[in-house]
$ cat coords-v6.cif   # mmCIF, C-alpha atoms, pLDDT in the B column; chains and numbers go by the auth columns
data_run
#
loop_
_atom_site.group_PDB
_atom_site.id
_atom_site.type_symbol
_atom_site.label_atom_id
_atom_site.label_comp_id
_atom_site.label_asym_id
_atom_site.label_seq_id
_atom_site.Cartn_x
_atom_site.Cartn_y
_atom_site.Cartn_z
_atom_site.B_iso_or_equiv
_atom_site.auth_seq_id
_atom_site.auth_asym_id
ATOM 1 C CA MET A 1 25.371 -17.495 -18.185 89.00 1 A
ATOM 2 C CA PRO A 2 22.216 -17.025 -16.066 94.00 2 A
ATOM 3 C CA LYS A 3 19.128 -15.436 -17.475 94.00 3 A
ATOM 4 C CA MET A 4 18.664 -11.709 -16.977 95.00 4 A
ATOM 5 C CA LYS A 5 15.796 -10.653 -14.756 96.00 5 A
ATOM 6 C CA THR A 6 13.050 -8.384 -16.004 96.00 6 A
ATOM 7 C CA HIS A 7 12.413 -5.305 -13.869 97.00 7 A
ATOM 8 C CA ARG A 8 8.861 -6.044 -12.724 97.00 8 A
ATOM 9 C CA GLY A 9 7.972 -2.409 -12.030 96.00 9 A
ATOM 10 C CA ALA A 10 8.942 -1.446 -15.576 96.00 10 A
ATOM 11 C CA ALA A 11 7.109 -4.455 -17.045 96.00 11 A
ATOM 12 C CA LYS A 12 3.858 -3.230 -15.480 96.00 12 A
ATOM 13 C CA ARG A 13 4.236 0.288 -16.854 96.00 13 A
ATOM 14 C CA PHE A 14 5.668 -0.144 -20.356 96.00 14 A
ATOM 15 C CA ASN A 15 4.709 -2.190 -23.408 96.00 15 A
ATOM 16 C CA VAL A 16 6.901 -3.060 -26.373 95.00 16 A
ATOM 17 C CA THR A 17 5.160 -2.868 -29.750 95.00 17 A
ATOM 18 C CA LYS A 18 5.743 -5.276 -32.639 95.00 18 A
ATOM 19 C CA SER A 19 7.954 -2.708 -34.328 94.00 19 A
ATOM 20 C CA GLY A 20 10.109 -2.559 -31.171 93.00 20 A
ATOM 21 C CA ARG A 21 9.091 0.853 -29.876 95.00 21 A
ATOM 22 C CA ILE A 22 8.267 1.305 -26.193 96.00 22 A
ATOM 23 C CA LYS A 23 4.830 2.632 -25.312 96.00 23 A
ATOM 24 C CA ARG A 24 3.876 4.273 -22.024 96.00 24 A
ATOM 25 C CA SER A 25 0.889 6.039 -20.498 96.00 25 A
ATOM 26 C CA GLN A 26 0.921 9.789 -20.068 96.00 26 A
ATOM 27 C CA THR A 27 1.528 11.625 -16.806 95.00 27 A
ATOM 28 C CA ASN A 28 -0.643 14.261 -15.037 96.00 28 A
ATOM 29 C CA LYS A 29 -3.818 12.174 -14.929 95.00 29 A
ATOM 30 C CA ARG A 30 -3.827 11.096 -11.242 95.00 30 A
ATOM 31 C CA HIS A 31 -4.885 14.060 -9.118 96.00 31 A
ATOM 32 C CA LEU A 32 -5.650 17.807 -9.243 97.00 32 A
ATOM 33 C CA LEU A 33 -7.946 17.164 -12.193 97.00 33 A
ATOM 34 C CA ASN A 34 -10.304 20.081 -11.461 97.00 34 A
ATOM 35 C CA GLY A 35 -7.868 22.618 -12.832 96.00 35 A
ATOM 36 C CA LYS A 36 -7.376 20.782 -16.116 97.00 36 A
ATOM 37 C CA THR A 37 -9.695 21.212 -19.055 97.00 37 A
ATOM 38 C CA THR A 38 -11.810 18.331 -20.302 98.00 38 A
ATOM 39 C CA LYS A 39 -9.985 18.425 -23.619 98.00 39 A
ATOM 40 C CA ARG A 40 -6.627 18.113 -21.887 97.00 40 A
ATOM 41 C CA LYS A 41 -7.782 15.217 -19.716 97.00 41 A
ATOM 42 C CA ARG A 42 -9.229 13.438 -22.738 97.00 42 A
ATOM 43 C CA SER A 43 -5.966 13.733 -24.651 97.00 43 A
ATOM 44 C CA LEU A 44 -4.047 12.339 -21.654 97.00 44 A
ATOM 45 C CA ARG A 45 -5.893 9.002 -21.986 96.00 45 A
ATOM 46 C CA LYS A 46 -3.893 8.079 -25.076 96.00 46 A
ATOM 47 C CA GLY A 47 -0.580 6.311 -24.775 95.00 47 A
ATOM 48 C CA VAL A 48 2.600 7.799 -26.176 96.00 48 A
ATOM 49 C CA TYR A 49 5.941 6.406 -27.334 96.00 49 A
ATOM 50 C CA MET A 50 9.112 6.909 -25.341 95.00 50 A
ATOM 51 C CA VAL A 51 11.777 9.224 -26.686 93.00 51 A
ATOM 52 C CA GLU A 52 14.867 7.501 -28.065 91.00 52 A
ATOM 53 C CA ALA A 53 17.092 8.896 -25.304 92.00 53 A
ATOM 54 C CA GLY A 54 15.224 6.905 -22.652 91.00 54 A
ATOM 55 C CA GLU A 55 14.623 3.788 -24.747 93.00 55 A
ATOM 56 C CA LYS A 56 18.154 2.486 -24.215 91.00 56 A
ATOM 57 C CA ASN A 57 17.689 2.373 -20.437 93.00 57 A
ATOM 58 C CA MET A 58 14.300 0.697 -20.789 95.00 58 A
ATOM 59 C CA ARG A 59 15.726 -2.067 -22.977 94.00 59 A
ATOM 60 C CA GLU A 60 18.072 -3.026 -20.136 94.00 60 A
ATOM 61 C CA LEU A 61 15.102 -3.255 -17.757 95.00 61 A
ATOM 62 C CA LEU A 62 12.996 -5.254 -20.236 95.00 62 A
ATOM 63 C CA PRO A 63 15.526 -7.683 -21.779 94.00 63 A
ATOM 64 C CA TYR A 64 13.142 -10.275 -23.258 91.00 64 A
ATOM 65 C CA SER A 65 10.359 -8.099 -24.619 85.00 65 A
#

$ encode --input "coords-v6.cif" --output "structure tokens"
Amino acid sequence: MPKMKTHRGAAKRFNVTKSGRIKRSQTNKRHLLNGKTTKRKRSLRKGVYMVEAGEKNMRELLPYS
């Protein structure tokens, strides 16, 4: 059985924690930042965990992490 390939685009965007949860960066931080408050932009810096519904698909893209 050949090895499964890791989806390189997903590997650059998601990290798997030691406990097995998948961490990602938040959206809405790329452009149109003038209309967003400083508080909102500051809170968008933090990473968040994926919801369980999407974690199953991510595990197929990241088989060895």

$ residues_around --input "coords-v6.cif" --residues "segment 41-49 of chain A" --least-positions-apart "5" --cutoff "6 Å" --atoms "all atoms listed in the file" --output "list in words"
Ile22, Lys23, Arg24, Ser25 and Gln26 of chain A

$ resolve_selection --input "coords-v6.cif" --expression "the PyMOL selection byres ((chain A and resi 61-63) around 12)" --output "PyMOL selection string"
chain A and resi 3-16+20+22+54-60+64-65

$ atom_distance --input "coords-v6.cif" --atom1 "atom CA of Lys18 of chain A" --atom2 "atom CA of Glu52 of chain A"
16.4 Å

$ atom_distance --input "coords-v6.cif" --atom1 "atom CA of Ala53 of chain A" --atom2 "atom CA of Asn28 of chain A"
21.2 Å

$ atom_distance --input "coords-v6.cif" --atom1 "atom CA of Arg40 of chain A" --atom2 "atom CA of Arg21 of chain A"
24.7 Å

$ axis_aligned_box --input "coords-v6.cif" --around "segment 44-47 of chain A" --padding-each-side "8 Å" --output "lines of an AutoDock Vina configuration file"
center_x = -3.2
center_y = 9.3
center_z = -23.4
size_x = 21.3
size_y = 22.0
size_z = 19.4
